[in-house]
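Printed here is query-v4.cif (mmCIF, C-alpha atoms):
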```
data_upload
#
loop_
_atom_site.group_PDB
_atom_site.id
_atom_site.type_symbol
_atom_site.label_atom_id
_atom_site.label_comp_id
_atom_site.auth_asym_id
_atom_site.auth_seq_id
_atom_site.Cartn_x
_atom_site.Cartn_y
_atom_site.Cartn_z
ATOM 1 C CA MET A 16 0.000 0.000 0.000
ATOM 2 C CA ASN A 17 1.653 3.195 -1.134
ATOM 3 C CA GLU A 18 1.337 6.754 0.038
ATOM 4 C CA GLU A 19 -1.074 7.826 -2.705
ATOM 5 C CA LEU A 20 -3.479 5.075 -1.704
ATOM 6 C CA ILE A 21 -3.454 6.171 1.955
ATOM 7 C CA ARG A 22 -4.099 9.733 0.810
ATOM 8 C CA TYR A 23 -7.005 8.539 -1.375
ATOM 9 C CA TYR A 24 -8.742 6.919 1.585
ATOM 10 C CA LEU A 25 -8.043 9.927 3.807
ATOM 11 C CA TYR A 26 -9.545 12.279 1.211
ATOM 12 C CA LEU A 27 -12.574 9.993 1.052
ATOM 13 C CA ALA A 28 -12.919 10.194 4.854
ATOM 14 C CA ALA A 29 -12.537 13.997 4.763
ATOM 15 C CA PHE A 30 -15.283 14.177 2.120
ATOM 16 C CA LEU A 31 -17.586 12.008 4.238
ATOM 17 C CA PHE A 32 -16.888 14.157 7.300
ATOM 18 C CA SER A 33 -17.589 17.491 5.615
ATOM 19 C CA ALA A 34 -20.744 16.133 3.919
ATOM 20 C CA GLY A 35 -21.909 14.856 7.307
ATOM 21 C CA ILE A 36 -21.304 18.299 8.858
ATOM 22 C CA PHE A 37 -23.324 19.888 6.044
ATOM 23 C CA VAL A 38 -26.244 17.471 6.472
ATOM 24 C CA VAL A 39 -26.302 17.914 10.269
ATOM 25 C CA LEU A 40 -26.259 21.700 9.950
ATOM 26 C CA THR A 41 -28.828 22.153 7.193
ATOM 27 C CA LYS A 42 -31.526 19.490 7.418
ATOM 28 C CA ARG A 43 -34.465 20.072 9.699
ATOM 29 C CA ASN A 44 -35.814 16.558 10.173
ATOM 30 C CA LEU A 45 -34.355 14.480 13.006
ATOM 31 C CA ILE A 46 -34.000 11.356 10.845
ATOM 32 C CA PHE A 47 -31.999 13.348 8.298
ATOM 33 C CA ILE A 48 -29.733 14.596 11.078
ATOM 34 C CA LEU A 49 -29.196 10.995 12.216
ATOM 35 C CA ILE A 50 -28.162 10.112 8.648
ATOM 36 C CA GLY A 51 -25.594 12.932 8.842
ATOM 37 C CA VAL A 52 -24.261 11.598 12.148
ATOM 38 C CA GLU A 53 -23.856 8.174 10.505
ATOM 39 C CA LEU A 54 -21.672 9.789 7.834
ATOM 40 C CA LEU A 55 -19.513 11.491 10.484
ATOM 41 C CA LEU A 56 -18.996 8.223 12.386
ATOM 42 C CA ASN A 57 -18.206 6.312 9.204
ATOM 43 C CA SER A 58 -15.489 8.760 8.204
ATOM 44 C CA ALA A 59 -13.735 8.044 11.511
ATOM 45 C CA ASN A 60 -14.099 4.302 10.893
ATOM 46 C CA VAL A 61 -12.520 4.593 7.440
ATOM 47 C CA ILE A 62 -9.469 6.310 8.945
ATOM 48 C CA LEU A 63 -9.209 3.691 11.716
ATOM 49 C CA ALA A 64 -9.350 0.865 9.162
ATOM 50 C CA THR A 65 -6.792 2.596 6.922
ATOM 51 C CA PHE A 66 -4.154 2.974 9.595
ATOM 52 C CA SER A 67 -4.878 -0.370 11.196
ATOM 53 C CA GLN A 68 -3.101 -1.901 8.167
ATOM 54 C CA PHE A 69 0.218 -0.869 9.716
ATOM 55 C CA ASP A 70 -0.545 -2.102 13.221
ATOM 56 C CA PRO A 71 0.267 -5.751 13.924
ATOM 57 C CA HIS A 72 -2.264 -5.743 16.785
ATOM 58 C CA LEU A 73 -5.092 -4.491 14.515
ATOM 59 C CA ASN A 74 -6.282 -2.119 17.234
ATOM 60 C CA GLY A 75 -7.818 0.207 14.646
ATOM 61 C CA GLN A 76 -10.231 -2.437 13.400
ATOM 62 C CA ILE A 77 -11.167 -3.412 16.960
ATOM 63 C CA PHE A 78 -11.928 0.239 17.795
ATOM 64 C CA ALA A 79 -13.955 0.530 14.591
ATOM 65 C CA ILE A 80 -16.095 -2.475 15.588
ATOM 66 C CA PHE A 81 -16.702 -0.921 19.029
ATOM 67 C CA SER A 82 -17.732 2.343 17.394
ATOM 68 C CA VAL A 83 -20.164 0.500 15.075
ATOM 69 C CA VAL A 84 -21.865 -1.129 18.071
ATOM 70 C CA LEU A 85 -22.094 2.218 19.902
ATOM 71 C CA THR A 86 -23.646 3.764 16.782
ATOM 72 C CA VAL A 87 -26.352 1.107 16.775
ATOM 73 C CA CYS A 88 -27.148 1.933 20.427
ATOM 74 C CA GLU A 89 -27.274 5.635 19.600
ATOM 75 C CA VAL A 90 -29.570 5.224 16.594
ATOM 76 C CA SER A 91 -32.028 2.935 18.377
ATOM 77 C CA ILE A 92 -32.316 5.243 21.423
ATOM 78 C CA ALA A 93 -32.600 8.322 19.200
ATOM 79 C CA LEU A 94 -35.415 6.766 17.177
ATOM 80 C CA ALA A 95 -37.274 5.728 20.341
ATOM 81 C CA ILE A 96 -37.013 9.310 21.645
ATOM 82 C CA LEU A 97 -38.163 10.625 18.250
ATOM 83 C CA LEU A 98 -41.184 8.299 18.419
ATOM 84 C CA ASN A 99 -42.074 9.689 21.866
ATOM 85 C CA ILE A 100 -41.692 13.286 20.663
ATOM 86 C CA TYR A 101 -43.889 12.539 17.677
ATOM 87 C CA ARG A 102 -46.627 10.909 19.776
ATOM 88 C CA ASN A 103 -46.649 13.762 22.298
ATOM 89 C CA HIS A 104 -46.181 16.802 20.070
ATOM 90 C CA LYS A 105 -46.936 15.614 16.510
ATOM 91 C CA VAL A 106 -43.726 17.122 15.166
ATOM 92 C CA SER A 107 -40.620 15.546 13.715
ATOM 93 C CA ASN A 108 -38.929 18.775 12.607
ATOM 94 C CA LEU A 109 -36.630 19.982 15.315
ATOM 95 C CA ASP A 110 -37.351 23.659 14.634
ATOM 96 C CA GLU A 111 -41.000 23.202 15.469
ATOM 97 C CA LEU A 112 -40.241 21.555 18.803
ATOM 98 C CA ARG A 113 -40.667 24.359 21.322
ATOM 99 C CA GLU A 114 -41.174 22.427 24.539
ATOM 100 C CA VAL A 115 -40.261 18.986 25.803
ATOM 101 C CA SER A 116 -42.646 18.605 28.716
ATOM 102 C CA ASN A 117 -45.985 16.934 28.308
ATOM 103 C CA GLU A 118 -48.059 19.697 29.892
ATOM 104 C CA MET B 25 -7.473 -2.721 -8.843
ATOM 105 C CA LEU B 26 -7.384 1.015 -9.481
ATOM 106 C CA ALA B 27 -10.642 0.816 -11.437
ATOM 107 C CA ILE B 28 -12.346 -0.891 -8.502
ATOM 108 C CA GLN B 29 -11.061 1.790 -6.128
ATOM 109 C CA ILE B 30 -12.366 4.591 -8.330
ATOM 110 C CA LEU B 31 -15.704 2.786 -8.783
ATOM 111 C CA ILE B 32 -16.141 2.416 -5.003
ATOM 112 C CA GLY B 33 -15.181 6.062 -4.511
ATOM 113 C CA LEU B 34 -17.808 7.101 -7.075
ATOM 114 C CA MET B 35 -20.382 4.912 -5.321
ATOM 115 C CA ILE B 36 -19.738 6.700 -2.014
ATOM 116 C CA VAL B 37 -19.736 10.146 -3.642
ATOM 117 C CA LEU B 38 -23.010 9.391 -5.456
ATOM 118 C CA GLY B 39 -24.709 8.155 -2.287
ATOM 119 C CA VAL B 40 -23.502 11.100 -0.215
ATOM 120 C CA GLY B 41 -24.455 13.519 -3.003
ATOM 121 C CA ILE B 42 -28.031 12.197 -3.020
ATOM 122 C CA ILE B 43 -28.164 12.584 0.779
ATOM 123 C CA VAL B 44 -26.891 16.157 0.596
ATOM 124 C CA PHE B 45 -29.105 17.373 -2.260
ATOM 125 C CA SER B 46 -32.284 15.348 -1.778
ATOM 126 C CA ARG B 47 -35.197 16.596 0.283
ATOM 127 C CA ASN B 48 -36.895 13.206 0.401
ATOM 128 C CA ILE B 49 -36.006 11.282 3.567
ATOM 129 C CA ILE B 50 -36.707 7.838 2.091
ATOM 130 C CA HIS B 51 -34.413 8.580 -0.859
ATOM 131 C CA ALA B 52 -31.745 9.735 1.599
ATOM 132 C CA ALA B 53 -32.073 6.533 3.673
ATOM 133 C CA TYR B 54 -31.549 4.330 0.600
ATOM 134 C CA ALA B 55 -28.723 6.560 -0.646
ATOM 135 C CA LEU B 56 -27.169 6.093 2.797
ATOM 136 C CA SER B 57 -27.241 2.326 2.277
ATOM 137 C CA LEU B 58 -25.485 2.824 -1.096
ATOM 138 C CA ALA B 59 -22.775 4.912 0.557
ATOM 139 C CA LEU B 60 -22.414 2.406 3.408
ATOM 140 C CA LEU B 61 -22.020 -0.478 0.952
ATOM 141 C CA GLY B 62 -19.296 1.579 -0.763
ATOM 142 C CA ILE B 63 -17.559 1.996 2.593
ATOM 143 C CA ALA B 64 -17.807 -1.775 3.091
ATOM 144 C CA GLY B 65 -16.015 -2.064 -0.276
ATOM 145 C CA VAL B 66 -13.296 0.238 1.062
ATOM 146 C CA TYR B 67 -12.869 -2.103 4.038
ATOM 147 C CA VAL B 68 -12.533 -5.089 1.682
ATOM 148 C CA LEU B 69 -9.839 -3.236 -0.273
ATOM 149 C CA LEU B 70 -8.080 -2.479 3.020
ATOM 150 C CA ASN B 71 -8.096 -6.231 3.875
ATOM 151 C CA ALA B 72 -10.442 -5.618 6.822
ATOM 152 C CA GLU B 73 -12.857 -8.414 5.974
ATOM 153 C CA LEU B 74 -14.489 -8.680 9.412
ATOM 154 C CA LEU B 75 -15.161 -4.946 9.479
ATOM 155 C CA ALA B 76 -16.697 -5.159 5.985
ATOM 156 C CA VAL B 77 -19.066 -7.937 7.073
ATOM 157 C CA VAL B 78 -19.987 -6.023 10.243
ATOM 158 C CA GLN B 79 -20.606 -2.914 8.133
ATOM 159 C CA ILE B 80 -22.942 -4.724 5.727
ATOM 160 C CA LEU B 81 -24.826 -6.615 8.443
ATOM 161 C CA ILE B 82 -25.231 -3.822 11.000
ATOM 162 C CA TYR B 83 -25.219 -0.612 8.968
ATOM 163 C CA ALA B 84 -26.608 -1.478 5.546
ATOM 164 C CA GLY B 85 -28.913 -4.097 7.046
ATOM 165 C CA GLY B 86 -29.848 -2.785 10.462
ATOM 166 C CA VAL B 87 -29.435 0.971 10.766
ATOM 167 C CA VAL B 88 -30.996 1.803 7.393
ATOM 168 C CA ILE B 89 -34.012 -0.389 8.153
ATOM 169 C CA LEU B 90 -34.338 1.322 11.556
ATOM 170 C CA LEU B 91 -34.274 4.735 9.869
ATOM 171 C CA ALA B 92 -36.907 3.634 7.349
ATOM 172 C CA PHE B 93 -39.102 2.412 10.220
ATOM 173 C CA GLY B 94 -38.575 5.740 11.952
ATOM 174 C CA VAL B 95 -39.860 7.528 8.846
ATOM 175 C CA MET B 96 -42.841 5.174 8.618
ATOM 176 C CA MET B 97 -43.866 5.692 12.240
ATOM 177 C CA THR B 98 -43.524 9.461 12.338
ATOM 178 C CA HIS B 99 -45.228 10.467 9.089
ATOM 179 C CA ARG B 100 -48.701 9.763 7.860
ATOM 180 C CA LEU B 101 -48.056 8.071 4.566
ATOM 181 C CA ARG B 102 -51.086 8.854 2.482
ATOM 182 C CA GLY B 103 -49.478 9.300 -0.889
ATOM 183 C CA GLU B 104 -47.621 12.486 -0.039
ATOM 184 C CA LYS B 105 -43.835 12.555 -0.167
ATOM 185 C CA VAL B 106 -41.818 12.656 3.038
ATOM 186 C CA LEU B 107 -39.890 15.873 2.639
ATOM 187 C CA SER B 108 -37.544 17.702 4.923
ATOM 188 C CA GLY B 109 -36.774 21.393 4.612
ATOM 189 C CA ALA B 110 -33.308 22.841 4.659
ATOM 190 C CA LYS B 111 -32.075 25.967 6.356
ATOM 191 C CA ASN B 112 -28.826 27.910 6.775
ATOM 192 C CA GLN B 113 -27.516 26.420 3.543
ATOM 193 C CA PHE B 114 -24.933 29.068 2.815
ATOM 194 C CA PRO B 115 -23.182 29.145 6.229
ATOM 195 C CA ALA B 116 -23.323 25.356 6.456
ATOM 196 C CA ALA B 117 -21.830 24.952 2.974
ATOM 197 C CA THR B 118 -19.081 27.428 3.865
ATOM 198 C CA THR B 119 -18.302 25.526 7.072
ATOM 199 C CA ALA B 120 -18.278 22.142 5.341
ATOM 200 C CA ILE B 121 -16.067 23.329 2.474
ATOM 201 C CA ALA B 122 -13.702 25.051 4.911
ATOM 202 C CA ILE B 123 -13.389 21.842 6.957
ATOM 203 C CA PHE B 124 -12.752 19.822 3.780
ATOM 204 C CA VAL B 125 -10.104 22.275 2.570
ATOM 205 C CA ILE B 126 -8.315 22.280 5.935
ATOM 206 C CA LEU B 127 -8.365 18.457 6.140
ATOM 207 C CA ALA B 128 -7.312 18.001 2.500
ATOM 208 C CA HIS B 129 -4.471 20.488 2.910
ATOM 209 C CA SER B 130 -3.157 18.769 6.005
ATOM 210 C CA ILE B 131 -3.489 15.359 4.317
ATOM 211 C CA SER B 132 -1.550 16.496 1.260
ATOM 212 C CA GLU B 133 1.165 18.117 3.408
ATOM 213 C CA THR B 134 1.736 15.077 5.630
ATOM 214 C CA ASN B 135 4.281 12.408 4.848
ATOM 215 C CA PHE B 136 3.481 8.849 5.802
ATOM 216 C CA PRO B 137 6.902 7.337 6.400
ATOM 217 C CA GLY B 138 7.385 3.622 6.581
ATOM 218 C CA SER B 139 3.946 2.997 5.175
ATOM 219 C CA LYS B 140 4.296 -0.686 4.445
ATOM 220 C CA ALA B 141 1.167 -2.725 4.890
ATOM 221 C CA LEU B 142 1.328 -5.899 6.928
ATOM 222 C CA GLU B 143 0.723 -9.209 5.243
ATOM 223 C CA MET B 144 -1.781 -10.888 7.540
ATOM 224 C CA ASN B 145 -3.978 -13.709 6.370
ATOM 225 C CA ASN B 146 -5.629 -14.569 9.695
ATOM 226 C CA GLN B 147 -6.969 -11.175 10.681
ATOM 227 C CA VAL B 148 -10.358 -12.494 11.804
ATOM 228 C CA GLU B 149 -8.722 -15.029 14.097
ATOM 229 C CA HIS B 150 -6.427 -12.351 15.492
ATOM 230 C CA ILE B 151 -9.337 -9.970 16.185
ATOM 231 C CA GLY B 152 -11.381 -12.736 17.815
ATOM 232 C CA VAL B 153 -8.517 -13.702 20.130
ATOM 233 C CA ALA B 154 -7.871 -10.015 20.946
ATOM 234 C CA PHE B 155 -11.526 -9.504 21.850
ATOM 235 C CA LEU B 156 -11.442 -12.358 24.351
ATOM 236 C CA THR B 157 -8.013 -11.676 25.872
ATOM 237 C CA GLU B 158 -6.679 -8.124 25.584
ATOM 238 C CA HIS B 159 -9.991 -6.297 25.189
ATOM 239 C CA ILE B 160 -12.202 -8.562 27.294
ATOM 240 C CA VAL B 161 -13.395 -5.790 29.659
ATOM 241 C CA ALA B 162 -14.327 -3.454 26.807
ATOM 242 C CA PHE B 163 -15.981 -6.348 24.954
ATOM 243 C CA GLU B 164 -18.182 -7.307 27.915
ATOM 244 C CA LEU B 165 -18.993 -3.663 28.647
ATOM 245 C CA ILE B 166 -20.060 -2.995 25.082
ATOM 246 C CA ALA B 167 -22.250 -6.106 25.098
ATOM 247 C CA PHE B 168 -23.912 -4.844 28.294
ATOM 248 C CA ILE B 169 -24.349 -1.335 26.845
ATOM 249 C CA LEU B 170 -25.960 -2.793 23.720
ATOM 250 C CA LEU B 171 -28.361 -4.859 25.838
ATOM 251 C CA VAL B 172 -29.312 -1.898 28.038
ATOM 252 C CA ALA B 173 -29.710 0.420 25.050
ATOM 253 C CA LEU B 174 -31.946 -1.983 23.131
ATOM 254 C CA VAL B 175 -34.117 -2.792 26.170
ATOM 255 C CA GLY B 176 -34.362 0.933 26.917
ATOM 256 C CA ALA B 177 -35.276 1.736 23.323
ATOM 257 C CA ALA B 178 -37.996 -0.940 23.330
ATOM 258 C CA TYR B 179 -39.344 0.411 26.640
ATOM 259 C CA LEU B 180 -39.405 4.007 25.362
ATOM 260 C CA ALA B 181 -41.119 2.947 22.135
ATOM 261 C CA LYS B 182 -43.703 0.973 24.157
ATOM 262 C CA LEU B 183 -44.413 4.048 26.291
ATOM 263 C CA ALA B 184 -45.038 5.981 23.087
ATOM 264 C CA ALA B 185 -47.335 3.272 21.751
ATOM 265 C CA ASN B 186 -49.431 3.191 24.941
ATOM 266 C CA GLU B 187 -50.280 6.901 24.913
#
```
Rewrite the structure of this file - the entire thing - as structure tokens.
Amino acid sequence: MNEELIRYYLYLAAFLFSAGIFVVLTKRNLIFILIGVELLLNSANVILATFSQFDPHLNGQIFAIFSVVLTVCEVSIALAILLNIYRNHKVSNLDELREVSNE
Amino acid sequence: MLAIQILIGLMIVLGVGIIVFSRNIIHAAYALSLALLGIAGVYVLLNAELLAVVQILIYAGGVVILLAFGVMMTHRLRGEKVLSGAKNQFPAATTAIAIFVILAHSISETNFPGSKALEMNNQVEHIGVAFLTEHIVAFELIAFILLVALVGAAYLAKLAANE
């Protein structure tokens, strides 16, 4: 694996990260924002997998698997909270959510 | 080999481009699965087979389905499209492009000395042994966190269904 190839994967991760930032900042729907967070987390995983090729202990890949599992936890909890917000307030756009209490 | 790399890169760029420019949430969820499959291809090219399988099973299979279910349960689907508005597009685009330029500049300026990939044929075995010896505490903790998170998510969703 030569230097240009490492750079290619790092550019790919940088592209994923900046696109994720854009999606998180612009979109108004919570599910869209979760999609942006997925892109951010995946860019970190690509970098971990890239540099784990030079580590005989493969710690990068092990960290990447941990981060995948944590992402699953995050998405499932976030969707459950979104479901509660929708049932209580009938909104799924974050801008329209003015209060979190049930009163 | 180079053609495959460029093809996978295009796949990711296409998927991410649809996510960025589309207003339809369902289209974005399926474009996300395209991009995630491209990232799984990157892992295969990096010889990280276990990570590629985990990516396909958990992300492209699980997370995208969860997001699609989230769309289904929070919108009344009576023929209308599920659209999401966008705001602050100019400042967000400036921020994102600035971050990309800074990262790309630092990537192109950095040297990667001694970048010689390892030749390992038994990576899956190595990772499995590492999970159960070196990283056993983290492995058990993450299993417990996953259990608690999924039970908690099911409980929260049941509360919402009972209202």
Closest of B:Ile166, B:Ala84, B:Met35, B:Leu61 to chain A, counting only C-alpha atoms, is B:Ile166
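Close contacts of Glu19 (chain A), defined as residues with an atom at most 12 Å away when counting all atoms listed in the file, with chain neighbours fewer than 2 positions off set aside, comprise Met16, Asn17, Ile21, Arg22, Tyr23, Tyr24, Leu25 and Tyr26 of chain A; Leu26, Ile131, Ser132, Thr134, Asn135, Phe136 and Ser139 of chain B.
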note - CA of Val87 (chain B) and CA of Leu38 (chain B) are separated by 19.4 Å
Write out as a CSV table (one decimal) with C-alpha atoms, in the frame of the given file each polymer residue whose atoms come within 9 Å of Glu89 (chain A), counting all atoms listed in the file; drop sequence neighbours fewer than 5 positions from it.
```
chain,number,residue,atom,x,y,z
A,84,VAL,CA,-21.9,-1.1,18.1
A,94,LEU,CA,-35.4,6.8,17.2
B,173,ALA,CA,-29.7,0.4,25.0
```
Restricting to all atoms listed in the file, whichever of B:Val44, B:Leu171, B:Ala116, B:Ala53 is closest to Val87 (chain A) is B:Leu171
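Interface residues of chain B facing chain A, defined by any atom at most 6 Å away and using only C-alpha atoms, are Ser108, Gly109, Ala110, Lys111, Asn112, Gln113, Ala116, Ala120, Phe124, Ala141, Leu142, Leu170, Ala173, Ala177, Leu180, Ala181 and Ala184 of chain B.
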Exercise for review: Expand the PyMOL selection byres ((chain B and resi 92) around 10) into the individual residues it matches in the shown file, reporting them as a list in words.
Suggested key: Ile46 of chain A; Ile49, Ile50, His51, Ala52, Ala53, Tyr54, Val87, Val88, Ile89, Leu90, Leu91, Phe93, Gly94, Val95, Met96 and Met97 of chain B
Practice task
Run the PyMOL selection byres ((chain B and resi 72) around 10) against the file shown and list the residues it catches, as a PyMOL selection string.
Solution key: (chain A and resi 64-65+67-68+73+76) or (chain B and resi 64-71+73-77+147-148)
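Counting from CA of Val52 (chain A), the distance to CA of Leu56 (chain B) is 11.2 Å.
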